[in-house]
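So this one's target-v3.tsv, TSV, C-alpha atoms and all ligand atoms:
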chain	number	residue	atom	x	y	z
A	1	MET	CA	-12.49	20.92	-49.86
A	2	GLU	CA	-13.16	24.21	-51.62
A	3	SER	CA	-13.59	24.07	-55.38
A	4	PHE	CA	-13.13	26.78	-57.95
A	5	LEU	CA	-14.18	27.61	-61.50
A	6	VAL	CA	-12.22	29.74	-63.91
A	7	CYS	CA	-14.16	31.90	-66.35
A	8	ASP	CA	-13.35	31.18	-70.01
A	9	TRP	CA	-15.70	33.58	-71.78
A	10	VAL	CA	-18.75	35.82	-71.38
A	11	ARG	CA	-21.32	36.38	-74.13
A	12	GLN	CA	-24.56	38.36	-74.26
A	13	GLU	CA	-27.42	36.10	-75.40
A	14	ALA	CA	-30.42	38.40	-75.10
A	15	HIS	CA	-31.43	41.80	-73.74
A	16	ASP	CA	-30.78	40.86	-70.09
A	17	ILE	CA	-29.18	37.40	-70.38
A	18	TRP	CA	-25.48	36.55	-70.55
A	19	SER	CA	-23.88	33.13	-70.95
A	20	ILE	CA	-20.68	32.47	-69.05
A	21	GLY	CA	-18.27	29.66	-69.86
A	22	PHE	CA	-16.38	28.05	-66.97
A	23	THR	CA	-13.86	25.28	-66.49
A	24	PRO	CA	-13.46	23.57	-63.09
A	25	LEU	CA	-9.95	23.93	-61.69
A	26	ASP	CA	-10.30	20.49	-60.10
A	27	GLY	CA	-10.99	17.68	-62.58
A	28	GLU	CA	-13.04	15.86	-59.91
A	29	ASP	CA	-15.76	18.51	-60.12
A	30	ASN	CA	-16.02	17.96	-63.82
A	31	LYS	CA	-17.33	14.42	-63.29
A	32	GLN	CA	-20.52	15.86	-61.81
A	33	ILE	CA	-21.10	18.39	-64.57
A	34	GLU	CA	-24.04	17.23	-66.70
A	35	LEU	CA	-26.52	19.01	-68.95
A	36	GLY	CA	-29.67	19.72	-66.92
A	37	ARG	CA	-27.99	19.73	-63.49
A	38	PHE	CA	-27.07	23.01	-61.82
A	39	ILE	CA	-24.08	24.57	-60.12
A	40	SER	CA	-24.14	26.72	-56.98
A	41	ILE	CA	-21.71	29.63	-57.05
A	42	ASP	CA	-20.58	31.71	-54.07
A	43	PHE	CA	-19.99	35.27	-55.20
A	44	PRO	CA	-20.49	38.71	-53.64
A	45	ASP	CA	-23.39	40.89	-54.74
A	46	MET	CA	-22.89	44.42	-56.06
A	47	GLN	CA	-22.44	45.72	-52.52
A	48	GLY	CA	-19.87	43.09	-51.66
A	49	ARG	CA	-22.17	41.01	-49.46
A	50	PRO	CA	-21.59	37.26	-49.79
A	51	GLY	CA	-24.24	35.40	-51.71
A	52	ARG	CA	-24.97	32.10	-53.39
A	53	ARG	CA	-26.96	31.46	-56.56
A	54	CYS	CA	-27.72	28.39	-58.66
A	55	TYR	CA	-27.47	28.23	-62.45
A	56	SER	CA	-28.48	25.44	-64.86
A	57	ILE	CA	-25.65	23.84	-66.79
A	58	CYS	CA	-26.94	24.51	-70.27
A	59	GLY	CA	-23.98	23.68	-72.48
A	60	LEU	CA	-20.81	21.57	-72.46
A	61	GLY	CA	-17.60	22.90	-73.94
A	62	PRO	CA	-14.90	21.04	-75.85
A	63	ALA	CA	-12.24	20.93	-73.11
A	64	GLN	CA	-14.13	20.06	-69.92
A	65	GLY	CA	-15.72	23.49	-69.96
A	66	PHE	CA	-19.42	24.17	-69.54
A	67	GLU	CA	-21.74	27.14	-69.73
A	68	VAL	CA	-24.46	28.69	-67.62
A	69	SER	CA	-26.81	31.56	-68.40
A	70	VAL	CA	-27.26	34.44	-66.00
A	71	ARG	CA	-29.99	37.06	-65.98
A	72	ARG	CA	-28.99	40.60	-65.08
A	73	SER	CA	-32.15	41.87	-63.37
A	74	GLY	CA	-30.72	45.19	-62.15
A	75	ASN	CA	-31.42	44.49	-58.47
A	76	GLY	CA	-27.74	44.54	-57.50
A	77	GLY	CA	-27.73	40.84	-56.56
A	78	VAL	CA	-25.22	38.09	-57.21
A	79	SER	CA	-26.31	37.60	-60.84
A	80	ASP	CA	-25.85	41.29	-61.66
A	81	SER	CA	-22.47	41.17	-60.03
A	82	LEU	CA	-21.43	38.07	-62.00
A	83	VAL	CA	-22.45	39.66	-65.31
A	84	ASP	CA	-20.66	42.92	-64.52
A	85	ARG	CA	-17.47	41.44	-63.09
A	86	MET	CA	-16.84	38.14	-64.86
A	87	ARG	CA	-14.05	38.28	-67.39
A	88	PRO	CA	-11.90	35.49	-68.85
A	89	GLY	CA	-9.45	34.35	-66.19
A	90	CYS	CA	-11.63	35.35	-63.19
A	91	VAL	CA	-12.03	32.65	-60.56
A	92	VAL	CA	-15.23	31.95	-58.60
A	93	SER	CA	-15.99	29.58	-55.75
A	94	LEU	CA	-18.04	26.50	-56.66
A	95	ALA	CA	-20.30	25.56	-53.73
A	96	GLY	CA	-21.50	22.38	-55.41
A	97	VAL	CA	-23.21	20.64	-58.29
A	98	GLY	CA	-26.78	19.45	-57.78
A	99	GLY	CA	-30.06	18.46	-59.34
A	100	ASP	CA	-31.36	15.15	-60.60
A	101	ILE	CA	-32.82	16.23	-63.92
A	102	ASN	CA	-30.54	15.00	-66.68
A	103	ILE	CA	-30.54	13.63	-70.19
A	104	ALA	CA	-30.63	9.98	-69.12
A	105	ARG	CA	-33.89	10.52	-67.26
A	106	VAL	CA	-35.76	12.52	-69.86
A	107	ALA	CA	-34.48	10.50	-72.83
A	108	GLN	CA	-36.34	7.43	-71.51
A	109	LYS	CA	-39.68	9.10	-72.22
A	110	SER	CA	-41.50	8.71	-75.51
A	111	SER	CA	-42.95	12.23	-75.28
A	112	LEU	CA	-42.00	15.31	-73.27
A	113	LEU	CA	-43.79	18.55	-72.62
A	114	MET	CA	-41.47	21.35	-71.47
A	115	VAL	CA	-42.92	24.53	-69.97
A	116	ALA	CA	-40.62	27.40	-69.06
A	117	SER	CA	-40.76	31.07	-68.26
A	118	GLY	CA	-38.04	33.70	-68.64
A	119	ILE	CA	-34.54	32.53	-67.83
A	120	GLY	CA	-36.10	29.15	-66.94
A	121	VAL	CA	-35.76	28.31	-70.63
A	122	THR	CA	-32.12	27.40	-69.95
A	123	LEU	CA	-33.10	24.02	-68.49
A	124	PRO	CA	-35.12	22.97	-71.58
A	125	VAL	CA	-32.29	24.28	-73.79
A	126	ALA	CA	-29.80	22.15	-71.85
A	127	LEU	CA	-31.96	19.04	-72.22
A	128	LEU	CA	-32.63	19.73	-75.90
A	129	ARG	CA	-28.89	20.06	-76.57
A	130	GLY	CA	-28.37	16.66	-74.98
A	131	LEU	CA	-31.21	15.15	-76.98
A	132	VAL	CA	-29.81	16.61	-80.22
A	133	GLN	CA	-26.49	14.89	-79.46
A	134	ARG	CA	-28.29	11.59	-78.87
A	135	ARG	CA	-30.18	11.96	-82.13
A	136	GLN	CA	-26.93	12.68	-84.00
A	137	GLN	CA	-25.55	9.45	-82.57
A	138	GLY	CA	-28.55	7.54	-83.93
A	139	GLU	CA	-30.23	7.04	-80.55
A	140	PRO	CA	-33.97	7.48	-80.06
A	141	VAL	CA	-35.27	10.73	-78.55
A	142	PRO	CA	-38.73	11.66	-77.30
A	143	THR	CA	-41.02	13.97	-79.21
A	144	VAL	CA	-40.77	17.31	-77.43
A	145	HIS	CA	-43.06	20.33	-77.27
A	146	LEU	CA	-41.47	23.37	-75.62
A	147	VAL	CA	-43.80	26.12	-74.41
A	148	VAL	CA	-41.99	29.32	-73.42
A	149	VAL	CA	-43.66	32.27	-71.71
A	150	ILE	CA	-41.62	35.47	-71.87
A	151	GLN	CA	-42.17	39.24	-71.99
A	152	ASP	CA	-40.80	39.89	-75.46
A	153	LEU	CA	-38.51	38.40	-78.07
A	154	GLN	CA	-35.50	40.50	-77.05
A	155	ARG	CA	-35.44	38.63	-73.73
A	156	LEU	CA	-35.55	35.14	-75.19
A	157	PRO	CA	-32.07	33.59	-75.26
A	158	PHE	CA	-31.15	30.89	-77.78
A	159	LEU	CA	-34.05	31.93	-80.06
A	160	GLN	CA	-32.23	31.10	-83.32
A	161	GLU	CA	-31.16	27.71	-82.00
A	162	LEU	CA	-34.71	26.85	-80.93
A	163	LEU	CA	-36.25	28.05	-84.20
A	164	SER	CA	-33.73	26.07	-86.25
A	165	LEU	CA	-34.51	22.93	-84.29
A	166	HIS	CA	-38.24	23.57	-84.71
A	167	LEU	CA	-37.90	23.97	-88.47
A	168	GLU	CA	-35.33	21.24	-89.16
A	169	SER	CA	-36.25	18.38	-86.84
A	170	ASP	CA	-39.21	16.02	-86.92
A	171	TRP	CA	-39.34	15.60	-83.15
A	172	PHE	CA	-39.33	19.13	-81.72
A	173	GLU	CA	-42.07	21.78	-81.64
A	174	LEU	CA	-41.71	25.29	-80.23
A	175	SER	CA	-44.49	27.57	-78.94
A	176	VAL	CA	-43.56	31.00	-77.60
A	177	TYR	CA	-46.04	33.19	-75.70
A	178	LEU	CA	-45.09	36.87	-75.56
A	179	THR	CA	-46.82	38.59	-72.67
A	180	ARG	CA	-45.82	42.16	-73.59
A	181	GLN	CA	-45.35	42.12	-77.32
A	182	CYS	CA	-47.83	41.95	-80.17
A	183	VAL	CA	-47.50	39.16	-82.67
A	184	LEU	CA	-48.01	39.39	-86.42
A	185	PRO	CA	-50.22	36.69	-87.99
A	186	ARG	CA	-47.33	35.36	-90.08
A	187	MET	CA	-45.14	34.73	-87.01
A	188	GLN	CA	-45.33	30.96	-86.74
A	189	CYS	CA	-44.81	29.49	-83.24
A	190	PHE	CA	-45.56	32.84	-81.58
A	191	SER	CA	-48.69	33.95	-79.71
A	192	HIS	CA	-49.54	36.99	-77.65
A	193	GLY	CA	-50.53	36.55	-74.00
A	194	ARG	CA	-50.31	33.50	-71.77
A	195	PRO	CA	-50.99	29.89	-72.71
A	196	ASP	CA	-54.28	28.26	-71.78
A	197	PRO	CA	-53.40	25.40	-69.38
A	198	GLN	CA	-56.14	23.26	-70.94
A	199	ALA	CA	-54.57	23.70	-74.38
A	200	VAL	CA	-51.03	23.07	-73.10
A	201	PHE	CA	-51.60	20.10	-70.83
A	202	GLY	CA	-54.77	18.69	-72.34
A	203	ALA	CA	-53.71	18.49	-75.98
A	204	ARG	CA	-52.28	14.99	-75.65
A	205	GLY	CA	-50.91	12.54	-73.11
A	206	TRP	CA	-47.31	13.42	-72.29
A	207	GLU	CA	-45.14	10.80	-70.64
A	208	GLY	CA	-42.93	13.42	-68.99
A	209	VAL	CA	-43.30	17.09	-68.12
A	210	VAL	CA	-40.39	19.45	-67.44
A	211	ILE	CA	-41.28	22.74	-65.72
A	212	CYS	CA	-38.78	25.52	-65.06
A	213	GLY	CA	-39.38	29.09	-63.94
A	214	GLY	CA	-40.01	31.29	-60.92
A	215	SER	CA	-41.76	29.72	-57.93
A	216	PRO	CA	-45.35	30.88	-58.62
A	217	PHE	CA	-45.07	29.86	-62.29
A	218	ALA	CA	-43.60	26.48	-61.39
A	219	GLN	CA	-46.14	25.83	-58.64
A	220	PHE	CA	-49.10	26.65	-60.88
A	221	HIS	CA	-47.90	24.53	-63.78
A	222	GLU	CA	-46.90	21.64	-61.56
A	223	GLU	CA	-50.45	21.54	-60.19
A	224	CYS	CA	-51.84	21.68	-63.74
A	225	ALA	CA	-49.57	18.82	-64.80
A	226	ARG	CA	-50.45	16.64	-61.82
A	227	GLN	CA	-54.19	17.21	-62.30
A	228	ARG	CA	-54.36	16.86	-66.05
A	229	LEU	CA	-51.57	14.34	-66.66
A	230	PRO	CA	-51.72	12.03	-63.62
A	231	GLY	CA	-49.70	9.28	-65.28
A	232	SER	CA	-46.74	11.40	-66.33
A	233	GLU	CA	-43.48	12.02	-64.48
A	234	VAL	CA	-43.11	15.69	-63.59
A	235	PHE	CA	-39.66	17.29	-63.32
A	236	VAL	CA	-39.71	20.70	-61.66
A	237	GLU	CA	-36.96	23.25	-61.22
A	238	ALA	CA	-38.07	26.50	-59.63
A	239	PHE	CA	-36.15	29.54	-58.57
A	240	THR	CA	-36.94	32.04	-55.88
A	241	ARG	CA	-36.94	35.80	-55.99
A	242	VAL	CA	-33.66	37.33	-54.89
A	243	ASN	CA	-33.56	39.00	-51.48
A	244	LEU	CA	-36.86	37.57	-50.31
A	245	ASP	CA	-38.34	39.21	-47.28
A	246	SER	CA	-38.83	36.81	-44.39
A	247	PRO	CA	-42.41	35.61	-44.06
A	248	GLN	CA	-44.67	37.23	-41.51
A	249	THR	CA	-44.57	35.19	-38.33
A	250	THR	CA	-46.33	35.22	-35.01
A	251	ALA	CA	-43.30	33.86	-33.22
A	252	ALA	CA	-41.63	35.35	-30.17
A	253	THR	CA	-38.49	37.45	-30.58
A	254	GLN	CA	-36.42	34.29	-30.14
A	255	VAL	CA	-37.35	30.66	-30.74
A	256	LYS	CA	-35.97	27.82	-28.65
A	257	ALA	CA	-34.71	25.24	-31.13
A	258	ARG	CA	-33.92	21.71	-29.99
A	259	ILE	CA	-31.75	19.73	-32.33
A	260	ASP	CA	-30.05	16.42	-31.62
A	261	GLY	CA	-29.74	17.07	-27.88
A	262	LEU	CA	-28.70	20.73	-28.25
A	263	VAL	CA	-30.89	23.71	-27.33
A	264	VAL	CA	-30.19	27.04	-29.02
A	265	SER	CA	-32.10	30.30	-29.50
A	266	ILE	CA	-32.72	31.29	-33.08
A	267	ASP	CA	-34.14	34.39	-34.73
A	268	PRO	CA	-37.66	33.64	-36.10
A	269	ALA	CA	-37.00	35.98	-39.03
A	270	SER	CA	-34.22	33.64	-40.18
A	271	SER	CA	-34.80	30.30	-41.87
A	272	LEU	CA	-34.03	27.28	-39.69
A	273	LEU	CA	-30.82	26.85	-41.68
A	274	GLU	CA	-29.60	30.42	-41.14
A	275	GLY	CA	-30.80	30.55	-37.53
A	276	LEU	CA	-29.02	27.34	-36.60
A	277	GLU	CA	-25.86	28.30	-38.46
A	278	ALA	CA	-25.80	31.59	-36.56
A	279	GLN	CA	-25.64	29.51	-33.38
A	280	GLY	CA	-22.86	27.29	-34.68
A	281	VAL	CA	-25.11	24.35	-35.64
A	282	SER	CA	-24.45	23.28	-39.20
A	283	ILE	CA	-26.84	21.51	-41.54
A	284	PRO	CA	-25.64	20.16	-44.90
A	285	ASN	CA	-26.73	22.53	-47.64
A	286	GLN	CA	-25.93	23.63	-51.13
A	287	CYS	CA	-28.33	25.90	-52.98
A	288	ARG	CA	-29.97	27.61	-49.96
A	289	ALA	CA	-33.02	28.15	-52.18
A	290	GLY	CA	-35.18	25.01	-51.93
A	291	ILE	CA	-33.78	23.40	-55.04
A	292	CYS	CA	-31.17	20.78	-54.11
A	293	GLY	CA	-32.85	19.10	-51.11
A	294	ARG	CA	-29.58	18.77	-49.15
A	295	CYS	CA	-30.82	20.66	-46.07
A	296	ARG	CA	-33.72	18.27	-45.37
A	297	VAL	CA	-34.51	17.85	-41.67
A	298	LYS	CA	-37.47	16.46	-39.72
A	299	VAL	CA	-39.56	18.68	-37.45
A	300	ARG	CA	-40.47	16.62	-34.38
A	301	SER	CA	-42.67	19.27	-32.75
A	302	GLY	CA	-43.51	22.94	-33.08
A	303	GLU	CA	-45.27	25.07	-35.66
A	304	TYR	CA	-43.55	26.22	-38.78
A	305	GLN	CA	-44.08	27.79	-42.17
A	306	THR	CA	-42.38	26.71	-45.39
A	307	ARG	CA	-42.08	28.14	-48.86
A	308	ASP	CA	-40.51	27.33	-52.20
A	309	ASP	CA	-39.76	23.80	-51.04
A	310	PHE	CA	-39.77	22.09	-54.42
A	311	ALA	CA	-37.09	19.57	-53.54
A	312	ILE	CA	-39.28	17.62	-51.16
A	313	SER	CA	-42.03	15.13	-51.96
A	314	ALA	CA	-45.62	15.46	-50.71
A	315	LYS	CA	-45.12	12.19	-48.80
A	316	ASP	CA	-42.04	13.48	-46.97
A	317	ARG	CA	-43.75	16.78	-46.28
A	318	ALA	CA	-46.70	14.96	-44.71
A	319	GLN	CA	-44.26	13.13	-42.42
A	320	GLY	CA	-42.78	16.39	-41.14
A	321	TYR	CA	-39.70	16.61	-43.34
A	322	VAL	CA	-38.83	20.15	-44.36
A	323	LEU	CA	-36.06	22.00	-46.11
A	324	ALA	CA	-34.25	23.99	-43.45
A	325	CYS	CA	-33.40	26.77	-45.92
A	326	CYS	CA	-37.09	27.39	-46.67
A	327	THR	CA	-38.65	26.84	-43.22
A	328	TYR	CA	-39.40	29.40	-40.51
A	329	ALA	CA	-40.48	28.70	-36.92
A	330	LEU	CA	-43.89	30.10	-35.98
A	331	GLY	CA	-44.11	29.29	-32.26
A	332	ASP	CA	-41.85	29.66	-29.24
A	333	GLU	CA	-40.22	26.25	-29.60
A	334	ILE	CA	-39.33	23.85	-32.33
A	335	ALA	CA	-37.67	20.43	-32.19
A	336	ILE	CA	-35.68	19.28	-35.21
A	337	GLU	CA	-33.91	16.07	-36.10
A	338	ARG	CA	-31.08	15.91	-38.60
A	339	PRO	CA	-31.33	12.83	-40.82
A	340	THR	CA	-28.53	10.34	-40.34
A	341	ALA	CA	-26.11	9.86	-43.21
A	342	HIS	CA	-27.86	6.64	-44.27
A	343	HIS	CA	-31.40	7.87	-43.91
A	344	ASN	CA	-33.14	8.80	-47.12
A	345	PRO	CA	-36.73	9.80	-46.36
A	346	SER	CA	-37.71	9.73	-50.01
A	347	ALA	CA	-36.84	6.08	-50.40
A	401	LIG	S1	-29.89	23.99	-49.31
A	401	LIG	FE1	-30.73	23.27	-51.15
A	401	LIG	S2	-32.80	22.85	-50.62
A	401	LIG	FE2	-31.98	23.77	-48.86
Starting from the coordinates I provided, produce the structure as structure tokens.
Amino acid sequence: MESFLVCDWVRQEAHDIWSIGFTPLDGEDNKQIELGRFISIDFPDMQGRPGRRCYSICGLGPAQGFEVSVRRSGNGGVSDSLVDRMRPGCVVSLAGVGGDINIARVAQKSSLLMVASGIGVTLPVALLRGLVQRRQQGEPVPTVHLVVVIQDLQRLPFLQELLSLHLESDWFELSVYLTRQCVLPRMQCFSHGRPDPQAVFGARGWEGVVICGGSPFAQFHEECARQRLPGSEVFVEAFTRVNLDSPQTTAATQVKARIDGLVVSIDPASSLLEGLEAQGVSIPNQCRAGICGRCRVKVRSGEYQTRDDFAISAKDRAQGYVLACCTYALGDEIAIERPTAHHNPSA
């Protein structure tokens, strides 16, 4: 059943970042809304082409409302379109709510390192807001160090909120690295350049690590965390570039795809998800960007290339599981198996 969100408000947070408040029209959807999870919105881009983007739920409103933050990058994509067109009362299509990073999971840790770049700071902000609420209710919270890497201060949303928490709490520390802005010596918490991974990950043993940013940033810091903090639980949320070009392939002009007894021809320039959908074969999906894990399938035979597949474990990957939205056939033929409803390869 299709779900919808109604826009309550729009507010500029930083140079290129806007927050948008929504309320689900269907109360059922509201049960899934949690700080740290994300929503997928279907909305046309600036040229009217249909698109889908995911946004972290970074605030909860008083009357079942919630907020997300959207970066207007100027590329004419869905996010630009949302910022330019959303006004109170506008209705958008909610494709789903996903993600398994939430307050309950991070609050169990005694110490948390959060590393974010750009708009990726919205996930740490969401989790911090939840932890602040817990603290106000007298519940224990982990000690948290947030490391943000961003071009300049004008692009950092929620700066006042983060600085206040840094100054007023005994459990939160903020470090901001400005890659394109000089820093005066008296500017506490701020440094120029990029953080040294040894200094960030090696300073102490963190029980949990939250990483959020673009794919290369997330990949690099996830590797750092796994190498330097082998005992800690790593939570990663990565986002892809908009309008990615398809990867270079050596495949034929059409690929024969076998799936559950069907044989269809798919375009090798399309992901398995898009190629199969074009032939009328549906695969469950939500984010279409390697984040939610809903499009997981198993490749039985055939060569393939994947990218930005953060929502799949190394163990599952080794067993041939892939995310159909991030996987491209490389040969002439590929055989795929859709998991059954009860099959959870991560279990
Ligand atoms: S649809 Fe979300 S990971 Fe593929």
I'd like the neighbourhood of region 216-221 of chain A as a PDB file with C-alpha atoms, keeping the file's coordinate frame, where a residue qualifies if any of its atoms comes within 10 Å (using only C-alpha atoms), though same-chain residues fewer than 2 positions away should be ignored.
ATOM      1  CA  VAL A 115     -42.920  24.530 -69.970  1.00  0.00           C
ATOM      2  CA  ALA A 116     -40.620  27.400 -69.060  1.00  0.00           C
ATOM      3  CA  SER A 117     -40.760  31.070 -68.260  1.00  0.00           C
ATOM      4  CA  GLY A 120     -36.100  29.150 -66.940  1.00  0.00           C
ATOM      5  CA  VAL A 149     -43.660  32.270 -71.710  1.00  0.00           C
ATOM      6  CA  PRO A 197     -53.400  25.400 -69.380  1.00  0.00           C
ATOM      7  CA  VAL A 200     -51.030  23.070 -73.100  1.00  0.00           C
ATOM      8  CA  PHE A 201     -51.600  20.100 -70.830  1.00  0.00           C
ATOM      9  CA  VAL A 209     -43.300  17.090 -68.120  1.00  0.00           C
ATOM     10  CA  VAL A 210     -40.390  19.450 -67.440  1.00  0.00           C
ATOM     11  CA  ILE A 211     -41.280  22.740 -65.720  1.00  0.00           C
ATOM     12  CA  CYS A 212     -38.780  25.520 -65.060  1.00  0.00           C
ATOM     13  CA  GLY A 213     -39.380  29.090 -63.940  1.00  0.00           C
ATOM     14  CA  GLY A 214     -40.010  31.290 -60.920  1.00  0.00           C
ATOM     15  CA  GLU A 223     -50.450  21.540 -60.190  1.00  0.00           C
ATOM     16  CA  CYS A 224     -51.840  21.680 -63.740  1.00  0.00           C
ATOM     17  CA  ALA A 225     -49.570  18.820 -64.800  1.00  0.00           C
ATOM     18  CA  ARG A 226     -50.450  16.640 -61.820  1.00  0.00           C
ATOM     19  CA  GLN A 227     -54.190  17.210 -62.300  1.00  0.00           C
ATOM     20  CA  VAL A 236     -39.710  20.700 -61.660  1.00  0.00           C
ATOM     21  CA  GLU A 237     -36.960  23.250 -61.220  1.00  0.00           C
ATOM     22  CA  ALA A 238     -38.070  26.500 -59.630  1.00  0.00           C
ATOM     23  CA  PHE A 239     -36.150  29.540 -58.570  1.00  0.00           C
ATOM     24  CA  THR A 240     -36.940  32.040 -55.880  1.00  0.00           C
ATOM     25  CA  ASP A 308     -40.510  27.330 -52.200  1.00  0.00           C
ATOM     26  CA  PHE A 310     -39.770  22.090 -54.420  1.00  0.00           C
TER      27      PHE A 310
END
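Based on all atoms listed in the file, the protein and nucleic acid residues found within 6 Å of ligand LIG 401 (chain A) are, by chain and then by number, Asn285, Gln286, Cys287, Arg288, Ala289, Gly290, Ile291, Cys292, Gly293, Arg294, Cys295, Leu323, Ala324 and Cys325 of chain A.
The list of residues with at least one atom within 9 Å of Thr122 (chain A), based on all atoms listed in the file and without residues fewer than 3 positions apart in the same chain, reads Gly36, Tyr55, Ser56, Ile57, Cys58, Val68, Ser69, Ala116, Gly118, Ile119, Val125, Ala126, Leu127, Pro157, Phe158 and Cys212 of chain A.
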With C-alpha atoms retained, write the just-selected residues as a compact mmCIF listing (two decimals), in the frame of the given file.
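Listed below is the output, selection_18.txt:
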# COMPACT_ATOMS: atom_id res chain seq x y z
CA GLY A 36 -29.67 19.72 -66.92
CA TYR A 55 -27.47 28.23 -62.45
CA SER A 56 -28.48 25.44 -64.86
CA ILE A 57 -25.65 23.84 -66.79
CA CYS A 58 -26.94 24.51 -70.27
CA VAL A 68 -24.46 28.69 -67.62
CA SER A 69 -26.81 31.56 -68.40
CA ALA A 116 -40.62 27.40 -69.06
CA GLY A 118 -38.04 33.70 -68.64
CA ILE A 119 -34.54 32.53 -67.83
CA VAL A 125 -32.29 24.28 -73.79
CA ALA A 126 -29.80 22.15 -71.85
CA LEU A 127 -31.96 19.04 -72.22
CA PRO A 157 -32.07 33.59 -75.26
CA PHE A 158 -31.15 30.89 -77.78
CA CYS A 212 -38.78 25.52 -65.06
* Pick out the closest residue to Ile20 (chain A) from this set: A:Met187, A:Arg87, A:Gln32, A:Phe43. Count only C-alpha atoms. => A:Arg87
* Asked: Got a sec: who's within 7 Å of Thr306 (chain A), counting all atoms listed in the file, leaving out chain neighbours fewer than 2 positions off, as an NGL selection string?
  -> :A and (304 or 309 or 326-328)
* Selected residue of minimal separation from Leu35 (chain A) among A:Arg129, A:Arg228, A:Arg105, A:Arg49, counting all atoms listed in the file ->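 Smallest separation from Leu35 (chain A) among the options: A:Arg129.
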* **Option closest in space to Arg52 (chain A), from A:Pro88, A:Gly280, A:Gly21, A:Gly96 [counting all atoms listed in the file]** =>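 Once distances to Arg52 (chain A) are computed over all atoms listed in the file, the minimum belongs to A:Gly96.
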* Rank nothing, just name the residue among A:Gln12, A:Gln64, A:Ser93, A:Ser301 nearest to Gln154 (chain A), using all atoms listed in the file. =>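 For Gln154 (chain A), the nearest of the candidates is A:Gln12.
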Need to verify the contact set: region 315-321 of chain A, 9 Å, only C-alpha atoms, exclusion of same-chain residues closer than 2 positions in sequence. Can you return it as a CSV table (one decimal) with C-alpha atoms, in the coordinates of the input?
chain,number,residue,atom,x,y,z
A,296,ARG,CA,-33.7,18.3,-45.4
A,297,VAL,CA,-34.5,17.8,-41.7
A,298,LYS,CA,-37.5,16.5,-39.7
A,299,VAL,CA,-39.6,18.7,-37.4
A,300,ARG,CA,-40.5,16.6,-34.4
A,301,SER,CA,-42.7,19.3,-32.8
A,312,ILE,CA,-39.3,17.6,-51.2
A,313,SER,CA,-42.0,15.1,-52.0
A,323,LEU,CA,-36.1,22.0,-46.1
A,345,PRO,CA,-36.7,9.8,-46.4
A,346,SER,CA,-37.7,9.7,-50.0
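Among the candidate residues A:Leu60, A:Leu82, A:Val281, A:Leu112, the one lying nearest to Gly205 (chain A) is A:Leu112, with distances computed using only C-alpha atoms.
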* For Gly48 (chain A), the nearest of the candidates A:Arg85, A:His15, A:Arg155, A:Arg204, counting only C-alpha atoms ->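 Going through A:Arg85, A:His15, A:Arg155, A:Arg204 one by one, the smallest distance to Gly48 (chain A) is for A:Arg85.
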* **Distance in Å - CA of Trp18 (chain A) versus CA of Leu159 (chain A)** =>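 CA of Leu159 (chain A) lies 13.6 Å from CA of Trp18 (chain A).
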